[in-house]
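As stored in coords_32.txt (compact mmCIF, C-alpha atoms (C1' of nucleotides)):
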# COMPACT_ATOMS: atom_id res chain seq x y z
CA MET Z 469 90.77 112.03 112.98
CA GLU Z 470 88.99 108.91 111.99
CA ILE Z 471 86.84 107.31 109.36
CA GLN Z 472 84.03 104.93 110.20
CA LEU Z 473 84.00 101.87 107.99
CA ASN Z 474 80.85 99.87 107.55
CA GLU Z 475 81.84 96.26 106.91
CA ALA Z 476 78.88 95.58 104.66
CA ASN Z 477 79.16 98.70 102.49
CA THR Z 478 82.82 99.68 102.73
CA PRO Z 479 84.89 96.63 103.63
CA PHE Z 480 88.51 97.63 104.08
CA ASN Z 481 91.64 95.96 105.40
CA LEU Z 482 94.59 98.27 105.86
CA GLU Z 483 97.03 95.42 106.42
CA HIS Z 484 96.23 93.58 103.19
CA THR Z 485 96.10 96.82 101.24
CA LEU Z 486 99.54 98.07 102.28
CA SER Z 487 101.41 94.77 102.38
CA CYS Z 488 100.29 93.20 99.12
CA GLY Z 489 103.17 94.61 97.11
CA GLN Z 490 101.39 97.30 95.11
CA ILE Z 491 103.00 100.17 96.99
CA PHE Z 492 106.56 100.34 98.28
CA ARG Z 493 106.99 103.24 100.65
CA TRP Z 494 104.57 102.54 103.49
CA GLU Z 495 106.15 101.18 106.62
CA LYS Z 496 104.65 99.64 109.71
CA ILE Z 497 106.20 100.83 112.96
CA GLY Z 498 104.52 99.46 116.04
CA GLU Z 499 100.77 99.71 115.63
CA TRP Z 500 100.88 102.44 113.00
CA TRP Z 501 101.47 102.47 109.27
CA TYR Z 502 103.49 105.46 108.10
CA GLY Z 503 103.38 106.81 104.57
CA PHE Z 504 102.88 109.92 102.51
CA VAL Z 505 99.86 111.76 101.24
CA GLY Z 506 101.32 114.40 98.98
CA GLU Z 507 104.09 116.17 100.87
CA LYS Z 508 102.77 115.23 104.27
CA VAL Z 509 103.68 112.24 106.39
CA VAL Z 510 100.62 110.41 107.55
CA ARG Z 511 100.20 107.68 110.10
CA VAL Z 512 97.25 105.33 109.81
CA ARG Z 513 95.89 102.59 111.98
CA GLN Z 514 92.83 100.41 111.71
CA ILE Z 515 90.92 99.12 114.72
CA GLY Z 516 88.01 97.09 113.50
CA GLY Z 517 85.71 99.44 111.65
CA ARG Z 518 87.66 102.53 112.68
CA LEU Z 519 90.39 103.99 110.50
CA LEU Z 520 92.48 106.42 112.54
CA PHE Z 521 94.84 108.84 110.84
CA GLN Z 522 96.91 111.93 111.45
CA ALA Z 523 99.17 113.83 109.08
CA PHE Z 524 102.25 115.98 109.68
CA PRO Z 525 103.24 118.90 109.57
CA GLU Z 526 99.50 119.65 109.38
CA ASN Z 527 96.56 117.31 109.14
CA VAL Z 528 94.83 116.40 105.91
CA ASP Z 529 91.19 116.41 105.00
CA ILE Z 530 89.34 113.14 105.38
CA HIS Z 531 88.81 113.05 101.61
CA PHE Z 532 92.54 112.70 100.95
CA ILE Z 533 92.60 109.51 102.98
CA GLU Z 534 89.43 108.19 101.38
CA SER Z 535 90.89 108.92 97.98
CA CYS Z 536 94.28 107.38 98.80
CA PHE Z 537 92.74 104.06 99.79
CA ARG Z 538 89.99 104.21 97.16
CA LEU Z 539 87.29 103.98 99.80
CA ASP Z 540 85.02 105.46 97.12
CA ASP Z 541 85.22 102.20 95.15
CA ASP Z 542 82.13 100.05 95.58
CA LEU Z 543 84.15 97.06 96.73
CA PRO Z 544 81.23 94.66 97.33
CA LEU Z 545 80.09 95.30 93.76
CA ILE Z 546 83.62 94.94 92.38
CA LEU Z 547 84.23 91.68 94.24
CA SER Z 548 80.92 90.24 93.06
CA ARG Z 549 81.85 91.12 89.46
CA ILE Z 550 85.29 89.51 89.52
CA ASN Z 551 84.18 86.48 91.52
CA ARG Z 552 84.03 84.17 88.52
CA ASP Z 553 85.17 80.85 89.97
CA ARG Z 554 86.29 78.95 93.03
CA GLN Z 555 89.95 80.00 92.72
CA ILE Z 556 89.33 83.73 92.86
CA ASP Z 557 86.58 83.21 95.41
CA GLU Z 558 89.15 81.65 97.71
CA ALA Z 559 91.45 84.66 97.31
CA ILE Z 560 88.60 87.06 97.93
CA ARG Z 561 87.57 85.28 101.10
CA ALA Z 562 91.16 85.26 102.37
CA PHE Z 563 91.87 88.93 101.67
CA ARG Z 564 88.50 90.67 101.63
CA GLY Z 565 89.05 94.37 102.21
CA LEU Z 566 92.20 94.60 100.11
CA ARG Z 567 91.89 97.68 97.95
CA ILE Z 568 93.87 99.12 95.07
CA VAL Z 569 95.69 102.20 96.35
CA ARG Z 570 95.44 105.47 94.45
CA GLN Z 571 99.11 106.39 94.17
CA GLU Z 572 100.56 109.57 92.76
CA PRO Z 573 101.39 108.93 89.10
CA TRP Z 574 104.90 110.34 89.18
CA GLU Z 575 106.06 108.29 92.15
CA CYS Z 576 104.27 105.24 90.83
CA LEU Z 577 105.95 105.57 87.45
CA ILE Z 578 109.45 105.82 88.91
CA SER Z 579 108.71 103.02 91.37
CA TYR Z 580 107.77 100.57 88.66
CA ILE Z 581 110.61 101.61 86.38
CA CYS Z 582 112.80 100.65 89.35
CA ALA Z 583 110.83 97.42 89.78
CA THR Z 584 112.19 96.06 86.52
CA ASN Z 585 113.92 92.73 87.17
CA ALA Z 586 114.07 93.35 90.93
CA ASN Z 587 112.34 91.89 93.97
CA ILE Z 588 110.18 93.82 96.38
CA PRO Z 589 112.77 94.38 99.17
CA ALA Z 590 115.25 95.65 96.56
CA ILE Z 591 112.65 97.99 95.06
CA ARG Z 592 111.82 99.40 98.48
CA ASN Z 593 115.48 100.11 99.05
CA MET Z 594 115.92 101.89 95.71
CA ILE Z 595 112.94 104.14 96.40
CA LEU Z 596 114.15 104.84 99.94
CA ASN Z 597 117.67 105.64 98.73
CA LEU Z 598 116.34 108.04 96.10
CA SER Z 599 114.11 109.76 98.65
CA LYS Z 600 116.92 110.07 101.21
CA LYS Z 601 119.27 111.58 98.68
CA PHE Z 602 116.90 113.85 96.74
CA GLY Z 603 113.83 114.33 98.95
CA LYS Z 604 113.09 116.46 102.01
CA LYS Z 605 113.30 115.05 105.50
CA ILE Z 606 110.30 115.14 107.79
CA THR Z 607 110.50 113.75 111.31
CA LEU Z 608 107.49 112.26 113.02
CA ASP Z 609 107.38 110.16 116.20
CA GLU Z 610 111.19 110.25 116.28
CA HIS Z 611 111.40 108.57 112.88
CA ASP Z 612 112.76 110.22 109.75
CA PHE Z 613 110.74 110.18 106.53
CA TYR Z 614 111.65 111.62 103.14
CA THR Z 615 109.35 113.13 100.53
CA PHE Z 616 109.51 111.61 97.09
CA PRO Z 617 111.73 113.68 94.77
CA LYS Z 618 110.28 115.79 91.95
CA PRO Z 619 111.24 115.35 88.28
CA LYS Z 620 113.44 118.41 88.65
CA ASP Z 621 115.44 116.80 91.46
CA PHE Z 622 116.45 113.90 89.24
CA ALA Z 623 116.76 115.96 86.06
CA GLN Z 624 119.33 118.22 87.71
CA ALA Z 625 121.21 115.34 89.27
CA ASP Z 626 124.28 113.59 87.99
CA LEU Z 627 123.74 110.09 86.61
CA GLU Z 628 126.31 108.72 89.03
CA GLU Z 629 124.40 110.15 91.99
CA ILE Z 630 121.31 108.26 90.89
CA LYS Z 631 123.29 105.09 90.35
CA LYS Z 632 124.58 105.34 93.90
CA CYS Z 633 121.00 104.71 95.00
CA LYS Z 634 121.53 101.12 93.79
CA LEU Z 635 119.47 101.56 90.66
CA GLY Z 636 122.00 99.97 88.31
CA PHE Z 637 120.86 100.01 84.69
CA ARG Z 638 117.59 101.69 85.73
CA ALA Z 639 119.36 104.97 86.55
CA GLU Z 640 119.54 106.15 82.91
CA ARG Z 641 115.83 105.47 82.50
CA VAL Z 642 114.88 107.42 85.61
CA LEU Z 643 117.08 110.33 84.56
CA GLU Z 644 115.73 110.42 81.00
CA VAL Z 645 112.08 110.18 82.09
CA SER Z 646 112.69 112.98 84.59
CA ARG Z 647 114.17 115.16 81.89
CA MET Z 648 111.18 114.52 79.66
CA MET Z 649 108.78 115.53 82.45
CA GLU Z 650 110.84 118.59 83.29
CA GLU Z 651 110.98 119.67 79.64
CA LYS Z 652 107.21 119.18 79.39
CA GLU Z 653 107.68 116.59 76.68
CA PHE Z 654 105.27 114.33 78.51
CA ASN Z 655 102.12 115.03 80.50
CA LEU Z 656 101.29 112.32 83.02
CA GLU Z 657 98.10 113.99 84.25
CA ALA Z 658 96.70 114.10 80.73
CA LEU Z 659 96.56 110.30 80.75
CA ARG Z 660 93.68 110.37 83.23
CA LYS Z 661 91.26 111.56 80.57
CA MET Z 662 92.33 108.94 78.04
CA GLY Z 663 91.02 105.43 77.68
CA TYR Z 664 93.10 102.45 78.76
CA GLU Z 665 94.62 101.65 75.37
CA GLU Z 666 95.58 105.19 74.45
CA ALA Z 667 97.05 105.97 77.87
CA LYS Z 668 99.03 102.73 77.78
CA GLY Z 669 100.44 103.57 74.37
CA ARG Z 670 101.61 106.94 75.62
CA LEU Z 671 103.24 105.47 78.70
CA MET Z 672 105.07 102.86 76.65
CA SER Z 673 106.77 105.58 74.65
CA LEU Z 674 108.80 106.33 77.78
CA PRO Z 675 112.18 104.66 78.32
CA GLY Z 676 111.95 101.82 80.83
CA VAL Z 677 108.21 101.43 80.34
CA GLY Z 678 106.99 98.25 78.65
CA HIS Z 679 103.66 96.46 78.98
CA LYS Z 680 104.13 95.46 82.61
CA VAL Z 681 105.28 98.82 83.95
CA ALA Z 682 102.60 100.66 81.98
CA ASP Z 683 99.85 98.41 83.34
CA CYS Z 684 101.04 98.92 86.91
CA VAL Z 685 101.08 102.70 86.54
CA LEU Z 686 97.64 102.66 84.91
CA LEU Z 687 96.16 100.45 87.63
CA PHE Z 688 97.82 101.83 90.73
CA SER Z 689 97.85 105.53 89.93
CA LEU Z 690 95.60 106.37 87.00
CA GLY Z 691 92.46 104.49 87.93
CA LYS Z 692 92.38 102.18 84.91
CA LEU Z 693 90.93 99.26 86.87
CA GLU Z 694 90.82 96.98 83.83
CA ALA Z 695 94.63 96.95 83.62
CA PHE Z 696 95.97 93.45 84.36
CA PRO Z 697 99.75 93.53 85.04
CA VAL Z 698 101.57 90.28 84.36
CA ASP Z 699 104.86 89.76 86.14
CA ILE Z 700 106.64 86.46 86.50
CA TRP Z 701 104.36 85.44 89.38
CA MET Z 702 101.12 86.36 87.63
CA LYS Z 703 102.30 84.44 84.59
CA ARG Z 704 102.66 81.31 86.70
CA ILE Z 705 99.42 81.89 88.60
CA ILE Z 706 97.30 82.39 85.49
CA LEU Z 707 98.79 79.47 83.58
CA LYS Z 708 98.45 77.15 86.58
CA LEU Z 709 94.92 78.18 87.56
CA TYR Z 710 93.48 78.75 84.09
CA PRO Z 711 95.41 76.49 81.70
CA ASN Z 712 92.30 75.46 79.79
CA HIS Z 713 91.90 79.02 78.52
CA PHE Z 714 95.11 78.69 76.51
CA GLU Z 715 96.56 76.22 74.04
CA GLN Z 716 98.49 73.50 75.78
CA THR Z 717 101.63 74.17 73.73
CA PHE Z 718 101.46 77.82 74.78
CA VAL Z 719 101.19 76.92 78.47
CA GLU Z 720 104.12 74.52 78.33
CA LYS Z 721 106.28 76.91 76.37
CA ILE Z 722 105.65 79.87 78.66
CA LEU Z 723 106.00 77.98 81.92
CA ALA Z 724 109.33 76.59 80.78
CA LYS Z 725 110.99 79.97 80.36
CA ARG Z 726 111.49 82.95 82.56
CA SER Z 727 110.71 86.10 80.59
CA ILE Z 728 107.88 86.52 78.12
CA THR Z 729 107.65 88.41 74.83
CA PRO Z 730 105.27 91.37 74.39
CA LYS Z 731 102.93 89.18 72.37
CA GLU Z 732 102.80 86.52 75.04
CA TYR Z 733 102.24 89.23 77.63
CA GLU Z 734 99.27 90.51 75.67
CA LYS Z 735 97.78 87.03 75.46
CA ILE Z 736 97.84 86.53 79.23
CA SER Z 737 96.90 90.09 80.14
CA SER Z 738 93.98 90.29 77.71
CA PHE Z 739 92.70 86.98 79.06
CA GLY Z 740 92.62 88.64 82.48
CA ARG Z 741 90.75 91.68 81.19
CA ASN Z 742 88.23 89.61 79.25
CA TYR Z 743 87.68 86.96 81.89
CA PHE Z 744 87.40 89.20 84.95
CA GLY Z 745 85.95 92.25 83.18
CA GLU Z 746 86.19 95.95 83.90
CA TYR Z 747 87.66 95.40 87.37
CA ALA Z 748 90.28 92.89 86.27
CA GLY Z 749 92.97 94.82 88.11
CA TYR Z 750 91.32 93.98 91.41
CA ALA Z 751 91.27 90.30 90.47
CA GLN Z 752 94.95 90.53 89.64
CA GLU Z 753 95.77 91.98 93.07
CA TYR Z 754 93.78 89.37 94.97
CA LEU Z 755 95.41 86.55 93.03
CA PHE Z 756 98.87 88.09 93.31
CA HIS Z 757 98.62 88.52 97.05
CA SER Z 758 97.05 85.14 97.79
CA ARG Z 759 99.06 82.91 95.48
CA GLY Z 760 102.12 85.00 94.84
CA HIS Z 761 104.81 82.91 96.43
CA GLN Z 762 103.40 79.43 96.35
CA LEU Z 763 103.89 78.51 92.71
C1' DA F 923 108.39 94.26 59.78
C1' DC F 924 108.88 90.78 63.03
C1' DA F 925 110.63 87.25 66.25
C1' DT F 926 114.32 85.59 69.24
C1' DC F 927 118.48 86.04 72.03
C1' DC F 928 121.02 88.15 75.32
C1' DC F 929 122.53 91.56 78.46
C1' DC F 930 121.75 94.53 82.18
C1' DT F 931 123.00 96.17 88.21
C1' DT F 932 122.10 94.76 92.58
C1' DA F 933 120.52 92.36 96.59
C1' DG F 934 117.63 88.85 98.63
C1' DC F 935 117.11 84.13 99.26
C1' DC F 936 118.40 79.41 99.83
C1' DA W 744 129.14 80.45 99.96
C1' DG W 745 127.82 80.86 95.55
C1' DG W 746 124.39 80.36 92.31
C1' DC W 747 119.85 81.58 91.20
C1' DT W 748 116.12 84.75 91.09
C1' DA W 749 113.55 89.01 90.95
C1' DA W 750 106.03 93.17 90.09
C1' DG W 751 111.15 93.38 82.62
C1' DG W 752 112.99 96.42 79.03
C1' DG W 753 115.76 97.28 75.20
C1' DG W 754 119.01 96.60 71.75
C1' DA W 755 121.34 93.45 68.54
C1' DT W 756 120.84 89.84 65.40

Starting from the coordinates I provided, produce the structure as structure tokens.
Amino acid sequence: MEIQLNEANTPFNLEHTLSCGQIFRWEKIGEWWYGFVGEKVVRVRQIGGRLLFQAFPENVDIHFIESCFRLDDDLPLILSRINRDRQIDEAIRAFRGLRIVRQEPWECLISYICATNANIPAIRNMILNLSKKFGKKITLDEHDFYTFPKPKDFAQADLEEIKKCKLGFRAERVLEVSRMMEEKEFNLEALRKMGYEEAKGRLMSLPGVGHKVADCVLLFSLGKLEAFPVDIWMKRIILKLYPNHFEQTFVEKILAKRSITPKEYEKISSFGRNYFGEYAGYAQEYLFHSRGHQL
DNA sequence: ACATCCCCTTAGCC
DNA sequence: AGGCTAAGGGGAT
């Protein structure tokens, strides 16, 4: 099946969207990107304004794909709103068509708990190891793929089995969060109806979830587009590109050290939300992808 | 109550 | 080849 993309109304770039570091489990093999939509493996390929896709074991409705890639977002409007200066304009021109992906909250939550103090290749490996050990195998095009495990799969597992997936100190957090979900002590879906602040507060009550992880889950899976995650790269990017929006002593202090305190996080993140507005998360992704490894 | 310091597993990168 | 770093969080002080 395929989706027709109109460049003027629905700009989309599959490559930028899947390789910008927001999502960890999609893989490009040959001309196709392989990933999951729910329990089904899906392969996707873009040729100009055509988005081709096919899911396995059975195909999925076109709306699942549109939803997954947030093709319902009015991207031209969003980009015009966040385009506040020459710096972001440059990023937008370089990566126009990059969209926030609508991930499944559970997988997104575990992914970013694993992302703590790790780099992207390491995160991808953790997620893959967990899926191989606790998920179900599905073979497509002679490649093996594994569904993402359910809370129950981790909750029933032994801590050591989770640690074997190279999670290190994150294993306890994954196990505890899974237990909480399994015992119905926490309702991820309920966060959708809440505002940004309330939903963030709830998420941060979970072990392994601080400001950064909560903002990523809110942005990438719960549709809170004002969320502005600040990792070590975003910290550098913001303080280098927008130093005049902060006190000079603050900029020097923060750039000199590696990690930041919750208060310092809030200062940088709320700048992002206020400066870029209701779609600040999109601005964050464009800046992250364009400047991420140059500073 | 509130800040600051320090540790945490592992693997990628240089 | 070995030291540093990484889409940070939490607990002790």

Select, from Z:Arg647, Z:His611, Z:Arg561, Z:Arg638, the residue with the minimum atom-to-atom distance to chain W, counting all atoms listed in the file.
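Comparing Z:Arg647, Z:His611, Z:Arg561, Z:Arg638 against chain W, the winner is Z:Arg638.
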
Is it possible to get the residues within 8 Å of (122.8, 99.4, 90.7) (coordinates as in the file, counting only C-alpha atoms (C1' of nucleotides)) written as a PDB file with C-alpha atoms (C1' of nucleotides), in the frame of the given file?
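Printed below is part_39.pdb as written:
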ATOM      1  CA  LYS Z 631     123.290 105.090  90.350  1.00  0.00           C
ATOM      2  CA  LYS Z 632     124.580 105.340  93.900  1.00  0.00           C
ATOM      3  CA  CYS Z 633     121.000 104.710  95.000  1.00  0.00           C
ATOM      4  CA  LYS Z 634     121.530 101.120  93.790  1.00  0.00           C
ATOM      5  CA  LEU Z 635     119.470 101.560  90.660  1.00  0.00           C
ATOM      6  CA  GLY Z 636     122.000  99.970  88.310  1.00  0.00           C
ATOM      7  CA  PHE Z 637     120.860 100.010  84.690  1.00  0.00           C
ATOM      8  CA  ARG Z 638     117.590 101.690  85.730  1.00  0.00           C
ATOM      9  CA  ALA Z 639     119.360 104.970  86.550  1.00  0.00           C
TER      10      ALA Z 639
ATOM     11  C1'  DT F 931     123.000  96.170  88.210  1.00  0.00           C
ATOM     12  C1'  DT F 932     122.100  94.760  92.580  1.00  0.00           C
TER      13       DT F 932
END

Atom pair CA of Phe718 (chain Z) / CA of Arg704 (chain Z): separation (Å):
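It comes out at 12.5 Å.
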
Need the neighbours of (111.4, 92.5, 83.9): which residues are at most 6 Å away, counting all atoms listed in the file, as an NGL selection string?
(:Z and (584-585)) or (:W and (751))

Preceding selection exported with C-alpha atoms (C1' of nucleotides) as an mmCIF file, in the frame of the given file:
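Wrote it out as again_33.cif, contents follow:
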data_model
loop_
_atom_site.group_PDB
_atom_site.id
_atom_site.type_symbol
_atom_site.label_atom_id
_atom_site.label_comp_id
_atom_site.auth_asym_id
_atom_site.auth_seq_id
_atom_site.Cartn_x
_atom_site.Cartn_y
_atom_site.Cartn_z
ATOM 1 C CA THR Z 584 112.190 96.060 86.520
ATOM 2 C CA ASN Z 585 113.920 92.730 87.170
ATOM 3 C "C1'" DG W 751 111.150 93.380 82.620
#

Chain Z residues within 10 Å of chain W, counting only C-alpha atoms (C1' of nucleotides): which ones, as a PyMOL selection string?
chain Z and resi 489-490+580-581+583-591+638+675-681+684+697-702+726-729+756

At what distance in Å, to one decimal, does CA of Phe563 (chain Z) lie from CA of Thr485 (chain Z)?
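The value is 9.0 Å.
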
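Proximity to chain F was assessed for Z:Glu715, Z:Glu640, Z:Glu653, Z:Glu753 counting only C-alpha atoms (C1' of nucleotides); the smallest distance is recorded for Z:Glu640.
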
Please, what distance in Å, to one decimal, runs between CA of Asn655 (chain Z) and CA of Leu643 (chain Z)?
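Computed distance, CA of Asn655 (chain Z) to CA of Leu643 (chain Z), equals 16.2 Å.
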
For Ala682 (chain Z): contacts at 8 Å, all atoms listed in the file, fewer than 5 positions along chain excluded, given as a PyMOL selection string:
chain Z and resi 668+671-672+677

Select all residues from chain F having any atom no more than 10 Å from an atom of chain Z (counting only C-alpha atoms (C1' of nucleotides), ignoring ligands), output as a PyMOL selection string.
chain F and resi 925-926+930-934

Please give the centre and size of the box around chain W (axis-aligned, containing every atom listed in the file, 6 Å added per side), with values in Å to one decimal and written as AutoDock Vina command-line options.
--center_x 117.6 --center_y 88.8 --center_z 82.7 --size_x 35.1 --size_y 28.9 --size_z 46.6
